[in-house]
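What follows is the content of protein29.csv (CSV, C-alpha atoms).
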chain,number,residue,atom,x,y,z
A,37,MET,CA,116.1,45.2,50.0
A,38,THR,CA,117.2,48.2,52.0
A,39,ARG,CA,120.8,49.6,51.9
A,40,ARG,CA,121.4,48.4,55.4
A,41,GLU,CA,120.2,44.9,54.6
A,42,LEU,CA,122.4,44.8,51.5
A,43,PHE,CA,125.4,46.0,53.5
A,44,ALA,CA,124.8,43.3,56.2
A,45,LEU,CA,124.5,40.6,53.5
A,46,LEU,CA,127.7,41.7,51.8
A,47,ALA,CA,129.6,41.9,55.1
A,48,ALA,CA,128.4,38.4,55.9
A,49,ALA,CA,129.4,37.1,52.5
A,50,ALA,CA,132.8,38.7,52.8
A,51,VAL,CA,133.9,36.5,55.7
A,52,LEU,CA,137.1,34.9,54.5
A,53,PRO,CA,138.4,31.4,55.1
A,54,ALA,CA,139.8,30.6,58.4
A,55,GLY,CA,143.4,31.6,59.3
A,56,CYS,CA,146.0,29.1,60.4
A,57,ASP,CA,144.8,29.4,64.0
A,58,GLY,CA,141.3,28.2,63.0
A,59,GLU,CA,139.7,31.6,63.5
A,60,ALA,CA,137.7,33.2,60.6
A,61,ILE,CA,139.5,36.2,59.2
A,62,PRO,CA,137.4,39.3,60.0
A,63,ALA,CA,135.9,41.1,57.0
A,64,VAL,CA,136.5,44.7,56.1
A,65,ALA,CA,133.7,46.9,54.8
A,66,PHE,CA,135.7,49.0,52.3
A,67,GLY,CA,134.6,52.6,52.1
A,68,HIS,CA,132.8,52.3,55.5
A,69,ASP,CA,135.2,51.0,58.2
A,70,ALA,CA,137.6,53.3,59.8
A,71,CYS,CA,141.2,52.4,60.7
A,72,ASP,CA,141.4,51.7,64.4
A,73,TRP,CA,144.8,53.4,64.5
A,74,CYS,CA,144.7,56.5,62.3
A,75,ARG,CA,140.9,56.8,61.9
A,76,MET,CA,141.1,57.1,58.0
A,77,THR,CA,138.4,55.3,56.1
A,78,ILE,CA,139.7,52.0,54.8
A,79,SER,CA,139.3,52.2,51.0
A,80,ASP,CA,142.4,50.6,49.4
A,81,ARG,CA,142.0,46.8,49.3
A,82,ARG,CA,145.7,46.4,48.5
A,83,HIS,CA,146.9,47.5,51.9
A,84,ALA,CA,144.1,46.5,54.4
A,85,ALA,CA,144.8,44.6,57.5
A,86,VAL,CA,142.8,43.2,60.4
A,87,ALA,CA,143.5,41.9,63.9
A,88,ARG,CA,141.6,40.3,66.7
A,89,THR,CA,142.5,41.5,70.2
A,90,ALA,CA,143.4,39.2,73.0
A,91,GLY,CA,139.9,39.8,74.3
A,92,GLY,CA,138.3,38.9,71.0
A,93,ARG,CA,137.5,42.4,69.6
A,94,THR,CA,138.0,42.9,65.9
A,95,VAL,CA,140.2,45.9,64.8
A,96,ARG,CA,140.7,47.0,61.2
A,97,PHE,CA,143.5,49.0,59.6
A,98,ASP,CA,144.1,50.9,56.3
A,99,ALA,CA,147.8,50.1,56.2
A,100,ILE,CA,150.3,47.5,57.5
A,101,GLU,CA,152.1,50.3,59.4
A,102,CYS,CA,148.9,51.1,61.3
A,103,LEU,CA,148.5,47.4,62.2
A,104,ALA,CA,152.2,47.3,63.3
A,105,ALA,CA,152.0,50.5,65.3
A,106,TRP,CA,148.8,49.3,67.0
A,107,THR,CA,150.4,45.9,67.7
A,108,ALA,CA,153.5,47.5,69.2
A,109,ALA,CA,151.3,49.6,71.5
A,110,GLN,CA,149.4,46.7,73.0
A,111,SER,CA,150.2,45.2,76.4
A,112,ASP,CA,148.9,41.8,75.2
A,113,ALA,CA,149.6,40.3,71.8
A,114,PRO,CA,146.6,40.1,69.5
A,115,ARG,CA,144.9,36.7,69.1
A,116,GLY,CA,145.4,37.0,65.4
A,117,ALA,CA,146.5,39.5,62.7
A,118,TRP,CA,146.1,39.3,58.9
A,119,VAL,CA,147.4,41.4,56.0
A,120,THR,CA,146.5,41.7,52.3
A,121,ALA,CA,149.5,40.2,50.5
A,122,ARG,CA,150.6,40.5,46.9
A,123,GLY,CA,150.9,37.2,45.2
A,124,ALA,CA,148.8,35.3,47.8
A,125,SER,CA,146.2,32.8,46.7
A,126,ALA,CA,144.0,34.0,49.6
A,127,PRO,CA,142.8,37.6,50.0
A,128,MET,CA,144.5,37.9,53.4
A,129,LEU,CA,147.3,36.0,55.1
A,130,ALA,CA,148.3,35.6,58.8
A,131,VAL,CA,151.2,37.9,59.5
A,132,ALA,CA,153.3,34.8,60.4
A,133,GLU,CA,152.7,33.5,56.9
A,134,ALA,CA,153.6,36.7,55.1
A,135,ARG,CA,156.9,38.4,54.4
A,136,PHE,CA,157.2,42.2,54.2
A,137,VAL,CA,159.2,44.7,52.1
A,138,ARG,CA,159.4,48.4,52.2
A,139,ASP,CA,158.6,50.0,48.9
A,140,ALA,CA,158.7,53.8,48.7
A,141,ASN,CA,156.6,53.6,45.5
A,142,ALA,CA,153.8,51.4,47.0
A,143,GLY,CA,151.4,54.3,47.6
A,144,THR,CA,150.4,53.0,51.0
A,145,PRO,CA,147.7,55.1,52.8
A,146,MET,CA,150.1,56.2,55.6
A,147,ALA,CA,153.1,56.5,53.3
A,148,GLY,CA,155.1,54.0,55.3
A,149,GLY,CA,155.6,51.8,52.2
A,150,TRP,CA,155.1,48.5,54.0
A,151,VAL,CA,153.9,45.8,51.6
A,152,ALA,CA,153.1,42.1,52.4
A,153,LEU,CA,154.1,39.3,50.1
A,154,ALA,CA,153.1,35.7,50.1
A,155,THR,CA,155.9,33.5,51.2
A,156,GLY,CA,157.8,31.9,48.3
A,157,SER,CA,157.3,35.0,46.1
A,158,ALA,CA,160.2,36.3,44.1
A,159,LEU,CA,161.0,38.8,46.9
A,160,ASP,CA,161.4,37.1,50.2
A,161,GLY,CA,161.3,40.2,52.5
A,162,VAL,CA,161.4,40.2,56.3
A,163,ARG,CA,159.3,38.6,59.0
A,164,TRP,CA,156.6,40.4,61.0
A,165,ASP,CA,158.9,40.9,64.0
A,166,ALA,CA,161.2,42.9,61.8
A,167,VAL,CA,158.3,45.2,60.8
A,168,LEU,CA,157.4,45.7,64.4
A,169,ALA,CA,161.0,46.6,65.3
A,170,ALA,CA,161.2,49.0,62.4
A,171,VAL,CA,157.9,50.7,63.4
A,172,ARG,CA,159.2,51.1,67.0
A,173,ARG,CA,162.6,52.4,65.7
A,174,ASP,CA,161.0,54.9,63.3
A,175,GLY,CA,158.8,56.3,66.1
A,176,LEU,CA,155.5,55.3,64.6
A,177,ALA,CA,154.4,53.4,67.7
A,178,PRO,CA,153.9,55.6,70.7
A,179,THR,CA,153.9,54.2,74.2
A,180,GLY,CA,150.5,53.8,75.8
A,181,LEU,CA,147.2,53.2,74.0
A,182,PRO,CA,146.7,53.6,70.3
A,183,ALA,CA,144.9,56.6,68.9
A,184,SER,CA,141.5,54.8,69.0
A,185,GLY,CA,141.9,54.0,72.7
A,186,VAL,CA,141.4,50.3,72.0
A,187,PRO,CA,143.3,48.3,74.6

Using structure tokens, write down the structure from this file.
Amino acid sequence: MTRRELFALLAAAAVLPAGCDGEAIPAVAFGHDACDWCRMTISDRRHAAVARTAGGRTVRFDAIECLAAWTAAQSDAPRGAWVTARGASAPMLAVAEARFVRDANAGTPMAGGWVALATGSALDGVRWDAVLAAVRRDGLAPTGLPASGVP
């Protein structure tokens, strides 16, 4: 089996269970995919996030703050967005099902410190809309298109 065939097989096997909206959660090829916001290679499984644009295109992120900045810069809300959450039974949760805390010691790739938690965990955290508001307030979400140019 060639390296390309192996990669395709692993990517196909990594498709996760469907989100609450019935769509399959897009997979991330760790060490290969680049963040659609900051362009860094996505390598840390603890902070990965994915979204599907209103038009159906999959976008991947290396940090929750990249997903939030990208989301805030879109003219249309994404069809779905998922984050890696501590304490979750599934590898990724829809942003509506997660709660978020800011942890300066979390070691997030973009140093924003945003961490997702499964609802009902010991720390309740804030909802996704509060993360978006914080990203806008902190100036992490410029107006216009994101760095990748993905509408």

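Across the model, the gap from CA of Val162 (chain A) to CA of Gly92 (chain A) is 27.4 Å.
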
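The smallest atom-to-atom distance between Gly143 (chain A) and any of A:His83, A:Thr107, A:Asp72, A:Ala113, using only C-alpha atoms, is found for A:His83.
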
Which residue, A:Val151, A:Ala87, A:Arg115, A:Ala170, has the smallest gap to Ala99 (chain A) when you use all atoms listed in the file? A:Val151

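Here the question is which of A:Arg96, A:Arg138, A:Arg172, A:Arg88 gets nearest to His68 (chain A) using all atoms listed in the file, and that residue is A:Arg96.
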
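Atom pair CA of Asp160 (chain A) / CA of Gln110 (chain A) has a distance of 27.5 Å (rounded to one decimal).
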
Protein/DNA/RNA residues near (145.8, 40.3, 59.9), cut 10 Å, all atoms listed in the file, as number ranges by chain: A: 55, 61-62, 84-88, 95-97, 100, 103, 114-120, 128-132, 134

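Within the 8 Å cut-off around Gly67 (chain A), using only C-alpha atoms and omitting residues fewer than 4 positions from it on the same chain, the listed residues are Thr77, Ile78 and Ser79 of chain A.
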
Near Gly148 (chain A), within 12 Å and counting only C-alpha atoms, which residues show up once chain neighbours fewer than 6 positions away are dropped, as a PyMOL selection string? chain A and resi 83+98-105+137-142+167+170-171+174-176

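The space separating CA of Thr94 (chain A) from CA of Thr144 (chain A) comes to 21.9 Å.
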
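With all atoms listed in the file as the atoms that count, the residue of A:Ala63, A:Ala152, A:Ala90, A:Cys71 with the shortest distance to Ser111 (chain A) is A:Ala90.
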
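If all atoms listed in the file are the atoms counted, then among A:Asp80, A:Asp165, A:Gly91, A:Ala154 the closest residue to Ala65 (chain A) is A:Asp80.
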
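When only C-alpha atoms are used to measure the gap to Trp164 (chain A), the shortest distance among A:Val64, A:Ala70, A:Ala126, A:Ala108 belongs to A:Ala108.
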